[in-house]
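See below for input12.cif, which holds mmCIF, C-alpha atoms and all ligand atoms.
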```
data_model
loop_
_atom_site.label_atom_id
_atom_site.label_comp_id
_atom_site.auth_asym_id
_atom_site.auth_seq_id
_atom_site.Cartn_x
_atom_site.Cartn_y
_atom_site.Cartn_z
CA MET A 1 129.59 70.63 57.90
CA LYS A 2 126.50 72.27 56.52
CA LEU A 3 123.51 74.18 57.80
CA TYR A 4 120.10 72.58 57.73
CA GLY A 5 116.91 74.56 58.24
CA LEU A 6 114.11 72.72 60.01
CA LYS A 7 110.83 74.64 60.09
CA LEU A 8 108.30 72.83 62.26
CA ARG A 9 104.65 73.55 62.92
CA ALA A 10 104.41 74.15 66.68
CA PHE A 11 101.56 73.50 69.09
CA PRO A 12 102.32 75.44 72.29
CA THR A 13 100.01 75.58 75.27
CA LEU A 14 98.09 78.83 75.73
CA TYR A 15 100.57 79.87 78.40
CA GLN A 16 103.52 79.15 76.10
CA GLU A 17 101.85 80.98 73.23
CA ASP A 18 101.37 83.99 75.47
CA LEU A 19 105.08 83.97 76.29
CA MET A 20 105.96 83.67 72.60
CA LYS A 21 103.86 86.75 71.87
CA LYS A 22 105.57 88.62 74.71
CA PHE A 23 109.04 87.71 73.40
CA ALA A 24 108.05 88.74 69.88
CA GLY A 25 106.90 92.03 71.42
CA ALA A 26 110.24 92.37 73.22
CA ASN A 27 112.03 91.79 69.92
CA ARG A 28 109.94 94.51 68.27
CA PHE A 29 110.54 96.84 71.25
CA ALA A 30 114.33 96.40 71.09
CA TYR A 31 114.28 96.84 67.32
CA ASN A 32 112.21 100.03 67.35
CA PHE A 33 113.98 101.48 70.41
CA TYR A 34 117.43 101.03 68.90
CA LEU A 35 116.32 102.30 65.49
CA ALA A 36 114.86 105.47 67.09
CA GLU A 37 117.94 106.05 69.27
CA ARG A 38 120.29 105.50 66.39
CA LYS A 39 118.39 107.99 64.22
CA GLU A 40 118.32 110.56 66.99
CA VAL A 41 122.03 110.24 67.80
CA TYR A 42 122.84 110.53 64.11
CA ASP A 43 120.62 113.60 63.61
CA ASN A 44 122.15 115.36 66.62
CA THR A 45 125.81 114.40 66.34
CA GLY A 46 126.32 112.80 62.95
CA GLU A 47 127.65 109.72 64.67
CA THR A 48 126.52 106.12 64.51
CA LEU A 49 125.33 104.47 67.71
CA SER A 50 126.67 100.93 67.51
CA GLY A 51 124.54 97.93 68.42
CA ALA A 52 127.10 96.89 71.04
CA ARG A 53 126.87 100.30 72.76
CA PHE A 54 123.09 100.19 72.69
CA LYS A 55 123.07 96.68 74.19
CA GLN A 56 125.11 98.01 77.14
CA SER A 57 122.69 100.84 77.79
CA LEU A 58 119.76 98.44 77.54
CA ASN A 59 121.36 96.28 80.25
CA VAL A 60 121.60 99.32 82.51
CA LEU A 61 117.95 100.16 81.84
CA LYS A 62 116.84 96.73 83.04
CA ASP A 63 117.30 97.87 86.62
CA HIS A 64 115.02 100.84 86.08
CA GLU A 65 111.44 100.44 87.37
CA LEU A 66 109.96 101.08 83.92
CA PHE A 67 112.09 98.51 82.16
CA LYS A 68 112.46 95.72 84.64
CA TRP A 69 109.93 93.64 82.63
CA MET A 70 112.85 92.96 80.27
CA LYS A 71 114.34 90.63 82.87
CA ASP A 72 111.48 88.21 82.28
CA MET A 73 112.11 88.13 78.57
CA ASP A 74 114.26 85.78 76.54
CA LYS A 75 117.34 88.04 76.40
CA PHE A 76 118.17 86.84 72.88
CA ALA A 77 114.81 88.10 71.61
CA LEU A 78 116.00 91.58 72.62
CA GLU A 79 119.53 91.13 71.30
CA THR A 80 118.47 89.85 67.91
CA GLY A 81 116.13 92.85 67.57
CA ILE A 82 119.22 95.07 67.80
CA GLU A 83 121.10 92.88 65.33
CA GLN A 84 118.19 93.09 62.88
CA VAL A 85 118.50 96.89 62.84
CA GLU A 86 122.21 96.61 62.13
CA ALA A 87 121.52 94.17 59.30
CA ALA A 88 118.82 96.49 57.91
CA PHE A 89 121.28 99.41 57.85
CA LYS A 90 123.92 97.25 56.22
CA ASN A 91 121.44 96.34 53.46
CA PHE A 92 120.47 99.96 53.11
CA PHE A 93 124.08 101.11 52.69
CA GLU A 94 124.69 98.36 50.15
CA LYS A 95 121.65 99.76 48.30
CA GLN A 96 119.75 96.52 48.47
CA ASN A 97 116.95 97.89 50.56
CA GLY A 98 115.19 101.08 51.58
CA PHE A 99 115.89 102.96 54.81
CA PRO A 100 115.08 100.76 57.84
CA ARG A 101 111.47 101.16 58.97
CA PHE A 102 109.85 100.68 62.34
CA LYS A 103 108.18 97.36 63.10
CA SER A 104 104.46 97.63 63.65
CA LYS A 105 102.56 95.17 65.77
CA HIS A 106 99.84 95.03 63.16
CA THR A 107 101.64 94.95 59.86
CA SER A 108 104.72 92.90 60.52
CA ARG A 109 104.78 89.22 61.26
CA GLN A 110 105.28 88.57 64.96
CA SER A 111 108.51 86.70 65.46
CA TYR A 112 111.70 86.52 67.44
CA THR A 113 114.97 84.66 67.21
CA THR A 114 116.80 83.06 70.09
CA LYS A 115 120.31 81.67 70.13
CA PHE A 116 121.79 78.46 71.42
CA THR A 117 123.84 78.57 74.61
CA ASN A 118 124.21 75.98 77.40
CA ASN A 119 121.58 73.64 75.93
CA ASN A 120 118.84 76.27 76.18
CA ILE A 121 117.44 75.04 72.85
CA GLN A 122 116.93 71.32 72.40
CA LEU A 123 115.23 69.05 69.92
CA ASP A 124 113.72 65.76 71.03
CA VAL A 125 112.96 63.96 67.79
CA GLU A 126 111.42 60.88 69.42
CA LYS A 127 108.96 62.86 71.54
CA ARG A 128 108.47 65.46 68.79
CA GLN A 129 109.18 68.48 70.93
CA VAL A 130 111.47 71.51 71.00
CA LYS A 131 112.79 73.18 74.14
CA LEU A 132 112.97 76.96 74.05
CA PRO A 133 114.51 79.29 76.66
CA LYS A 134 112.02 80.40 79.34
CA ILE A 135 109.23 78.54 77.52
CA GLY A 136 110.18 74.90 78.00
CA TRP A 137 109.21 71.94 75.83
CA VAL A 138 106.83 72.77 72.97
CA LYS A 139 105.04 70.12 70.91
CA VAL A 140 105.94 70.13 67.19
CA ARG A 141 104.97 68.22 64.07
CA PHE A 142 107.37 66.84 61.44
CA SER A 143 106.54 66.40 57.79
CA LYS A 144 107.43 63.03 56.25
CA LYS A 145 110.39 64.59 54.46
CA GLN A 146 111.68 66.25 57.65
CA TRP A 147 111.27 62.99 59.52
CA ALA A 148 113.24 61.12 56.87
CA HIS A 149 115.97 63.73 57.09
CA MET A 150 116.25 63.39 60.86
CA GLU A 151 116.64 59.65 60.43
CA THR A 152 119.57 59.95 58.04
CA ASP A 153 122.91 59.15 59.50
CA VAL A 154 124.56 62.38 60.52
CA PHE A 155 127.70 62.38 62.62
CA ALA A 156 126.62 65.30 64.80
CA ARG A 157 123.89 67.93 65.00
CA HIS A 158 124.26 71.28 66.73
CA ILE A 159 121.39 73.73 67.00
CA LYS A 160 122.58 77.28 66.28
CA ARG A 161 119.36 79.27 66.68
CA ALA A 162 115.58 79.09 66.67
CA THR A 163 113.08 81.53 65.19
CA VAL A 164 109.53 81.50 66.49
CA SER A 165 106.94 83.05 64.19
CA LEU A 166 103.27 83.65 64.85
CA GLN A 167 101.00 84.11 61.83
CA SER A 168 97.90 86.25 62.03
CA ASN A 169 95.77 83.16 61.31
CA GLY A 170 97.04 81.58 64.52
CA THR A 171 99.57 79.11 63.10
CA ILE A 172 102.92 79.03 64.84
CA HIS A 173 106.23 77.75 63.52
CA ILE A 174 109.61 77.12 65.07
CA ALA A 175 112.46 77.27 62.57
CA LEU A 176 115.67 75.68 63.80
CA THR A 177 119.02 76.28 62.16
CA ILE A 178 121.06 73.14 62.68
CA GLU A 179 124.71 72.62 61.88
CA GLU A 180 125.14 69.07 60.65
CA THR A 181 128.43 67.24 60.45
CA ILE A 182 128.14 64.60 57.78
CA ALA A 183 129.71 61.26 58.58
CA LEU A 184 132.77 60.73 56.39
CA PRO A 185 132.38 57.89 53.88
CA PRO A 186 134.90 55.06 54.15
CA THR A 187 138.03 55.92 52.20
CA VAL A 188 138.69 53.80 49.13
CA ASP A 189 142.18 53.12 47.86
CA TRP A 190 141.49 54.04 44.24
CA SER A 191 145.04 53.22 43.17
CA ALA A 192 144.31 49.53 43.84
CA VAL A 193 140.94 49.39 42.06
CA GLU A 194 140.49 46.35 39.79
CA GLU A 195 140.51 47.04 36.05
CA GLN A 196 137.10 45.44 35.53
CA HIS A 197 135.57 48.09 37.79
CA VAL A 198 136.78 50.92 35.60
CA LEU A 199 134.72 52.05 32.63
CA GLY A 200 136.06 54.33 29.94
CA ILE A 201 133.54 56.42 28.03
CA ASP A 202 134.00 58.43 24.88
CA LEU A 203 131.42 61.15 24.41
CA GLY A 204 130.43 61.30 20.77
CA LEU A 205 128.45 63.33 18.27
CA SER A 206 126.78 60.70 16.10
CA HIS A 207 125.74 58.99 19.35
CA PHE A 208 125.78 60.17 22.95
CA TYR A 209 128.63 58.00 24.14
CA ILE A 210 130.32 54.66 23.63
CA ASP A 211 131.96 52.80 26.49
CA SER A 212 135.06 50.61 26.64
CA ASN A 213 132.86 47.49 26.46
CA GLY A 214 131.48 48.65 23.14
CA VAL A 215 128.06 49.71 24.45
CA LYS A 216 126.69 52.62 22.45
CA ILE A 217 124.13 55.00 23.91
CA GLU A 218 122.19 56.95 21.31
CA ASN A 219 120.97 60.49 21.73
CA PRO A 220 117.29 60.58 22.69
CA ARG A 221 115.27 60.70 19.48
CA HIS A 222 112.51 62.93 20.78
CA LEU A 223 115.13 65.53 21.67
CA LYS A 224 116.00 65.82 17.98
CA LYS A 225 112.29 66.16 17.20
CA TYR A 226 111.88 68.98 19.72
CA ILE A 227 114.97 70.75 18.42
CA ASP A 228 113.69 70.57 14.84
CA ARG A 229 110.37 71.97 15.96
CA LEU A 230 112.16 74.68 17.93
CA LYS A 231 114.12 75.77 14.86
CA LYS A 232 110.93 75.90 12.78
CA GLU A 233 109.12 78.04 15.36
CA GLN A 234 112.20 80.27 15.63
CA ARG A 235 112.11 80.91 11.87
CA LYS A 236 108.39 81.74 12.10
CA LEU A 237 109.12 84.28 14.83
CA SER A 238 111.82 85.99 12.78
CA ARG A 239 109.27 86.69 10.03
CA MET A 240 106.78 88.37 12.37
CA VAL A 241 106.45 92.07 13.23
CA LYS A 242 108.32 92.73 16.45
CA GLY A 243 106.04 93.66 19.35
CA SER A 244 102.82 92.59 17.58
CA ALA A 245 100.26 90.40 19.31
CA ASN A 246 101.22 87.44 17.12
CA TYR A 247 104.87 88.01 17.85
CA ARG A 248 104.25 87.84 21.57
CA LYS A 249 102.11 84.74 21.14
CA GLN A 250 104.86 83.10 19.12
CA GLN A 251 107.44 84.07 21.77
CA LYS A 252 105.41 82.24 24.38
CA LYS A 253 105.16 79.18 22.14
CA LEU A 254 108.90 79.27 21.59
CA ALA A 255 109.57 79.52 25.31
CA LYS A 256 107.46 76.39 25.77
CA TYR A 257 109.56 74.46 23.25
CA HIS A 258 112.77 75.73 24.81
CA MET A 259 111.56 74.40 28.14
CA ARG A 260 110.66 71.04 26.60
CA VAL A 261 114.08 70.69 25.00
CA ALA A 262 115.79 71.63 28.27
CA ASN A 263 113.68 69.25 30.37
CA CYS A 264 114.01 66.41 27.91
CA ARG A 265 117.77 66.80 27.83
CA LYS A 266 118.05 67.11 31.60
CA ASP A 267 115.95 63.98 32.19
CA PHE A 268 118.11 62.05 29.77
CA LEU A 269 121.35 63.27 31.34
CA HIS A 270 120.12 62.41 34.84
CA GLN A 271 119.06 58.96 33.74
CA GLN A 272 122.34 58.17 31.99
CA SER A 273 124.57 59.52 34.75
CA ARG A 274 122.58 57.65 37.42
CA LYS A 275 122.98 54.38 35.48
CA LEU A 276 126.72 54.84 34.99
CA ILE A 277 127.28 55.62 38.69
CA ASN A 278 125.15 52.68 39.84
CA GLU A 279 126.95 50.18 37.63
CA ASN A 280 130.57 51.28 37.96
CA GLN A 281 133.20 52.08 40.59
CA VAL A 282 135.31 54.36 38.43
CA ILE A 283 134.41 56.21 35.26
CA ALA A 284 137.16 57.60 33.09
CA LEU A 285 136.31 60.29 30.57
CA GLU A 286 138.01 62.86 28.46
CA ASN A 287 138.54 66.24 30.01
CA LEU A 288 136.61 68.09 27.30
CA ASN A 289 137.39 71.63 26.53
CA VAL A 290 133.87 72.28 25.32
CA LYS A 291 134.45 75.99 24.80
CA GLY A 292 137.39 75.25 22.56
CA MET A 293 135.43 72.76 20.49
CA VAL A 294 132.42 75.01 20.08
CA LYS A 295 134.63 77.42 18.10
CA ASN A 296 134.45 74.85 15.33
CA LYS A 297 131.10 76.00 13.91
CA ARG A 298 130.08 72.81 12.16
CA LEU A 299 130.26 70.91 15.43
CA ALA A 300 128.91 73.67 17.64
CA GLN A 301 125.18 72.97 17.41
CA SER A 302 125.43 69.25 18.11
CA ILE A 303 127.85 69.69 21.01
CA LEU A 304 125.57 72.20 22.67
CA ASP A 305 122.58 69.95 22.05
CA VAL A 306 124.13 66.99 23.77
CA GLY A 307 124.99 69.02 26.85
CA TRP A 308 128.24 67.29 27.68
CA SER A 309 129.39 69.70 30.33
CA THR A 310 126.06 69.30 32.15
CA PHE A 311 126.50 65.55 31.90
CA VAL A 312 129.97 65.71 33.45
CA THR A 313 128.58 67.90 36.26
CA PHE A 314 125.80 65.38 36.99
CA LEU A 315 128.28 62.51 36.95
CA THR A 316 130.65 64.32 39.27
CA TYR A 317 128.18 65.12 42.03
CA LYS A 318 126.45 61.75 41.81
CA ALA A 319 129.84 60.07 42.13
CA GLU A 320 130.64 62.17 45.17
CA TRP A 321 127.40 61.16 46.90
CA ALA A 322 127.86 57.48 46.09
CA ASN A 323 131.56 57.38 46.96
CA LYS A 324 132.53 56.53 43.39
CA LYS A 325 135.25 58.14 41.29
CA ILE A 326 135.44 60.14 38.09
CA VAL A 327 138.87 60.30 36.47
CA SER A 328 139.40 62.86 33.81
CA VAL A 329 141.93 62.04 31.15
CA GLY A 330 143.97 64.77 29.49
CA ARG A 331 142.31 66.39 26.54
CA PHE A 332 145.37 66.17 24.28
CA PHE A 333 145.74 62.48 24.87
CA ALA A 334 145.27 61.22 21.28
CA SER A 335 142.53 58.81 22.25
CA SER A 336 140.89 57.98 18.96
CA LYS A 337 144.11 57.84 16.94
CA THR A 338 146.11 55.44 19.10
CA CYS A 339 145.66 51.68 18.62
CA HIS A 340 144.71 50.35 22.06
CA GLY A 341 146.35 47.03 21.18
CA CYS A 342 149.86 48.03 20.15
CA GLY A 343 150.03 51.75 20.87
CA GLU A 344 150.69 52.77 17.27
CA LYS A 345 149.52 56.28 16.36
CA GLU A 346 147.51 56.70 13.19
CA THR A 347 148.11 60.23 11.98
CA GLY A 348 145.91 60.37 8.89
CA LEU A 349 142.52 59.95 10.65
CA THR A 350 139.79 62.54 10.13
CA LEU A 351 136.48 62.95 11.98
CA SER A 352 134.67 61.04 9.22
CA ASP A 353 136.76 57.85 9.53
CA ARG A 354 134.55 55.72 11.78
CA ILE A 355 136.42 52.44 11.30
CA TRP A 356 140.15 52.07 10.76
CA VAL A 357 142.75 49.33 10.55
CA CYS A 358 145.96 49.68 12.51
CA GLY A 359 148.90 49.84 10.12
CA ALA A 360 151.24 48.21 12.64
CA CYS A 361 149.27 45.24 14.04
CA GLY A 362 146.36 44.98 11.56
CA ALA A 363 143.62 45.24 14.22
CA GLU A 364 140.35 46.75 13.05
CA HIS A 365 138.97 49.43 15.31
CA ASP A 366 135.68 51.15 15.77
CA ARG A 367 137.05 54.63 16.17
CA ASP A 368 134.93 55.47 19.20
CA GLN A 369 135.24 52.20 21.08
CA ASN A 370 138.99 52.32 20.54
CA ALA A 371 138.96 55.77 22.05
CA ALA A 372 136.89 54.55 25.03
CA ILE A 373 139.36 51.72 25.68
CA ASN A 374 142.28 54.16 25.51
CA ILE A 375 140.48 56.44 27.94
CA LYS A 376 139.94 53.52 30.31
CA GLN A 377 143.62 52.52 30.12
CA GLU A 378 144.78 56.07 30.65
CA GLY A 379 142.35 56.37 33.57
CA ILE A 380 143.80 53.26 35.20
CA ARG A 381 147.34 54.55 34.63
CA ILE A 382 146.41 57.83 36.39
CA LEU A 383 144.82 55.96 39.31
CA ARG A 384 147.86 53.71 39.76
CA HIS A 385 150.13 56.73 40.03
CA THR A 386 148.16 58.66 42.64
ZN ZN B 401 147.85 48.27 16.50
#
```
Here is a file; write its structure as structure tokens.
Ligand SMILES: [Zn+2]
Amino acid sequence: MKLYGLKLRAFPTLYQEDLMKKFAGANRFAYNFYLAERKEVYDNTGETLSGARFKQSLNVLKDHELFKWMKDMDKFALETGIEQVEAAFKNFFEKQNGFPRFKSKHTSRQSYTTKFTNNNIQLDVEKRQVKLPKIGWVKVRFSKKQWAHMETDVFARHIKRATVSLQSNGTIHIALTIEETIALPPTVDWSAVEEQHVLGIDLGLSHFYIDSNGVKIENPRHLKKYIDRLKKEQRKLSRMVKGSANYRKQQKKLAKYHMRVANCRKDFLHQQSRKLINENQVIALENLNVKGMVKNKRLAQSILDVGWSTFVTFLTYKAEWANKKIVSVGRFFASSKTCHGCGEKETGLTLSDRIWVCGACGAEHDRDQNAAINIKQEGIRILRHT
């Protein structure tokens, strides 16, 4: 379940617009009335007049000649005015905002919020109209994006509330808060997945990754170019007088390169993760303790540059959306040092040994592809046991 906000341009009739203005006025009245009462009670007694207490007294007032106009109002417009004061005080006490101020007809946006009860608010997507309490069906317009969203398959939609706002230039919006229950994707029995649908990938340093089929993906070359440029500009900055005009100019330039590096990397990571998710059912990868590895200074720069953890994040959420699976294989699983053919462990390997020959069975291994195959096999083993 998640909340979706749908803000629609509304085209009420003149009569409906008049009612909307009245309800916005009622909201402002309730807000200002409660704020004034609360201040007065506090000044005289030091006590706080609760919103619930004030609501009760307002209900009594409705029978009074002077206040019986309230009966014609949307009662939620009044209630939410009281709730807005309470929220304003809460913000004030949490030091996020100044002391609550009165709403003025001229300076504040005219708006009111009404709540859903007994189908008083409805949305008719086909006829492009929204039903509001005491106002009836109001014509609305959807943007293309909103229309596309309403067409997506959602298990259930429940309207929680609607806020009507009237701009001084005459435009009117209705913002609906809708609780959407997403249809559950079909459940897949991952423990029975076929081996050919599982891909193991080994994230590398000399290249971005290598998969269990031996496909190597290189790091994007222009990223390296941008990083080199970034380092050069950084050195220039360090030689300048702090706070000088040139220094500030150079800072701006540097920020631009930082942004380019970040965007370039992000595009690449999105592209690669999208491709992997489209082409595979299950992706097995090493559960990298990036923080731990970054302690090794020689490796630090390149690991940060490749953005592995971001990559794993992208893969994970894309997999979730597409109903695919990411299996993470234990970090201390000796993936590059174990022969995937016979299981023999080679203890003498260092990071610079790219190719090695298994001492037990004589098979020659590309260090990284061997690791990717081991990761795939370990991934399958994990799936079979869950
Ligand atoms: Zn072997």
- request: Could the residues that lie within 10 Å of ligand ZN 401 (chain B), counting all atoms listed in the file, be listed as a ChimeraX atom specification?
  value: /A:338-346,357-365
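The nearest approach to Gly200 in chain A among the residues A:Thr177, A:Asn97, A:Asn213, A:Gln234, with only C-alpha atoms taken into account, belongs to A:Asn213.
For the pair CA of Val130 in chain A and CA of Asn32 in chain A, the interatomic distance is 28.8 Å.
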task: Return the single residue from A:Val125, A:Ala24, A:Val85, A:Val138 that is closest to Glu151 in chain A, with distances computed using only C-alpha atoms.
output: A:Val125
Name the residues in contact with Thr386 in chain A at a cut-off of 9 Å, using all atoms listed in the file, excluding same-chain residues fewer than 3 positions from it; report them as a PDB file with C-alpha atoms, in the coordinates of the input.
```pdb
ATOM      1  CA  TRP A 190     141.490  54.040  44.240  1.00  0.00           C
ATOM      2  CA  SER A 191     145.040  53.220  43.170  1.00  0.00           C
ATOM      3  CA  ILE A 382     146.410  57.830  36.390  1.00  0.00           C
ATOM      4  CA  LEU A 383     144.820  55.960  39.310  1.00  0.00           C
TER       5      LEU A 383
END
```
- prompt: Could you list as a PyMOL selection string every residue that has an atom within 10 Å of (113.0, 90.7, 77.4), using the file's coordinates and counting all atoms listed in the file?
  reply: chain A and resi 22-27+29-30+62+67-79
Would you pick out the contacts of range 366-371 of chain A at 6 Å or less, using only C-alpha atoms, so that residues sharing its chain but fewer than 6 positions from it are not included, and give the list as a short mmCIF file (atom, residue, chain, number, x, y, z; two decimals) with C-alpha atoms, in the frame of the given file?
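Listed below is the output, out.cif:
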```cif
data_model
loop_
_atom_site.label_atom_id
_atom_site.label_comp_id
_atom_site.auth_asym_id
_atom_site.auth_seq_id
_atom_site.Cartn_x
_atom_site.Cartn_y
_atom_site.Cartn_z
CA SER A 212 135.06 50.61 26.64
CA GLY A 214 131.48 48.65 23.14
CA SER A 335 142.53 58.81 22.25
CA SER A 336 140.89 57.98 18.96
CA ARG A 354 134.55 55.72 11.78
CA ILE A 355 136.42 52.44 11.30
#
```
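Nearest to Lys7 in chain A of all the residues A:Asn280, A:Thr313, A:Gln84, A:Ser143 is A:Ser143, based on all atoms listed in the file.
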query: With all atoms listed in the file as the atoms that count, which of A:Lys266, A:Lys139, A:Lys325, A:Met1 lies nearest to Val188 in chain A?
result: A:Lys325
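Each of A:Glu179, A:Glu126, A:Asp228, A:Glu83 was checked against Tyr112 in chain A using all atoms listed in the file; the smallest atom-to-atom distance is that of A:Glu83.
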message: Excluding Leu269 in chain A and its own-chain neighbours fewer than 2 positions away, which residues fall within 9 Å of it when counting all atoms listed in the file? Please give them as a ChimeraX atom specification.
response: /A:264-267,271-274,306-308,310-311,314-315
- prompt: Which value, in Å to one decimal, gives the distance between CA of Lys90 in chain A and CA of Ile178 in chain A?
  reply: 25.1 Å
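Nearest residue to Ile373 in chain A among A:Lys318, A:Lys337, A:Arg28, A:His385 is A:Lys337, counting all atoms listed in the file.
Of note, CA of Pro100 in chain A and CA of Lys39 in chain A are spaced 10.2 Å apart.
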task: Can you pull out every residue within 10 Å of Glu37 in chain A, counting all atoms listed in the file, but drop anything in the same chain fewer than 6 positions away, and send it as a VMD selection string?
output: chain A and resid 43 48 to 49 54
message: Taking 5 positions as the minimum chain separation for residues in the same chain, which residues sit within 9 Å of Lys216 in chain A when counting only C-alpha atoms? Answer as a ChimeraX atom specification.
response: /A:207-211,369
Once 3 Å is added on each side, what centre and edge lengths in Å to one decimal does the axis-aligned box around all listed atoms of range 13-16 of chain A have, as JSON?
```
{"center_x": 100.8, "center_y": 77.7, "center_z": 76.8, "size_x": 11.4, "size_y": 10.3, "size_z": 9.1}
```
Could I get range 75-91 of chain A from the block written as a PDB file, in the first residue's frame, with N, CA and C atoms?
```
ATOM      1  N   LYS A  75     -18.484  20.186   6.525  1.00  0.00           N
ATOM      2  CA  LYS A  75     -18.028  20.194   7.924  1.00  0.00           C
ATOM      3  C   LYS A  75     -16.531  19.879   8.051  1.00  0.00           C
ATOM      4  N   PHE A  76     -15.982  19.168   7.036  1.00  0.00           N
ATOM      5  CA  PHE A  76     -14.556  18.842   7.111  1.00  0.00           C
ATOM      6  C   PHE A  76     -13.676  20.064   6.853  1.00  0.00           C
ATOM      7  N   ALA A  77     -14.220  21.040   6.091  1.00  0.00           N
ATOM      8  CA  ALA A  77     -13.473  22.273   5.854  1.00  0.00           C
ATOM      9  C   ALA A  77     -13.236  22.980   7.185  1.00  0.00           C
ATOM     10  N   LEU A  78     -14.247  22.922   8.073  1.00  0.00           N
ATOM     11  CA  LEU A  78     -14.115  23.511   9.409  1.00  0.00           C
ATOM     12  C   LEU A  78     -13.161  22.686  10.271  1.00  0.00           C
ATOM     13  N   GLU A  79     -13.377  21.384  10.270  1.00  0.00           N
ATOM     14  CA  GLU A  79     -12.549  20.502  11.104  1.00  0.00           C
ATOM     15  C   GLU A  79     -11.070  20.576  10.755  1.00  0.00           C
ATOM     16  N   THR A  80     -10.776  20.558   9.444  1.00  0.00           N
ATOM     17  CA  THR A  80      -9.361  20.578   9.077  1.00  0.00           C
ATOM     18  C   THR A  80      -8.715  21.910   9.409  1.00  0.00           C
ATOM     19  N   GLY A  81      -9.524  22.989   9.473  1.00  0.00           N
ATOM     20  CA  GLY A  81      -8.980  24.284   9.907  1.00  0.00           C
ATOM     21  C   GLY A  81      -8.448  24.179  11.321  1.00  0.00           C
ATOM     22  N   ILE A  82      -9.206  23.475  12.175  1.00  0.00           N
ATOM     23  CA  ILE A  82      -8.788  23.270  13.571  1.00  0.00           C
ATOM     24  C   ILE A  82      -7.525  22.405  13.626  1.00  0.00           C
ATOM     25  N   GLU A  83      -7.519  21.362  12.796  1.00  0.00           N
ATOM     26  CA  GLU A  83      -6.350  20.470  12.768  1.00  0.00           C
ATOM     27  C   GLU A  83      -5.096  21.195  12.278  1.00  0.00           C
ATOM     28  N   GLN A  84      -5.291  22.147  11.356  1.00  0.00           N
ATOM     29  CA  GLN A  84      -4.136  22.904  10.855  1.00  0.00           C
ATOM     30  C   GLN A  84      -3.499  23.742  11.959  1.00  0.00           C
ATOM     31  N   VAL A  85      -4.324  24.284  12.858  1.00  0.00           N
ATOM     32  CA  VAL A  85      -3.777  25.051  13.980  1.00  0.00           C
ATOM     33  C   VAL A  85      -2.956  24.130  14.875  1.00  0.00           C
ATOM     34  N   GLU A  86      -3.515  22.948  15.148  1.00  0.00           N
ATOM     35  CA  GLU A  86      -2.788  22.001  15.997  1.00  0.00           C
ATOM     36  C   GLU A  86      -1.454  21.621  15.377  1.00  0.00           C
ATOM     37  N   ALA A  87      -1.467  21.400  14.066  1.00  0.00           N
ATOM     38  CA  ALA A  87      -0.222  21.046  13.364  1.00  0.00           C
ATOM     39  C   ALA A  87       0.768  22.207  13.420  1.00  0.00           C
ATOM     40  N   ALA A  88       0.245  23.444  13.291  1.00  0.00           N
ATOM     41  CA  ALA A  88       1.117  24.622  13.321  1.00  0.00           C
ATOM     42  C   ALA A  88       1.782  24.768  14.691  1.00  0.00           C
ATOM     43  N   PHE A  89       1.019  24.486  15.759  1.00  0.00           N
ATOM     44  CA  PHE A  89       1.604  24.546  17.107  1.00  0.00           C
ATOM     45  C   PHE A  89       2.642  23.446  17.309  1.00  0.00           C
ATOM     46  N   LYS A  90       2.349  22.279  16.767  1.00  0.00           N
ATOM     47  CA  LYS A  90       3.276  21.157  16.894  1.00  0.00           C
ATOM     48  C   LYS A  90       4.605  21.531  16.233  1.00  0.00           C
ATOM     49  N   ASN A  91       4.529  22.106  15.035  1.00  0.00           N
ATOM     50  CA  ASN A  91       5.738  22.552  14.339  1.00  0.00           C
ATOM     51  C   ASN A  91       6.470  23.613  15.124  1.00  0.00           C
TER      52      ASN A  91
END
```
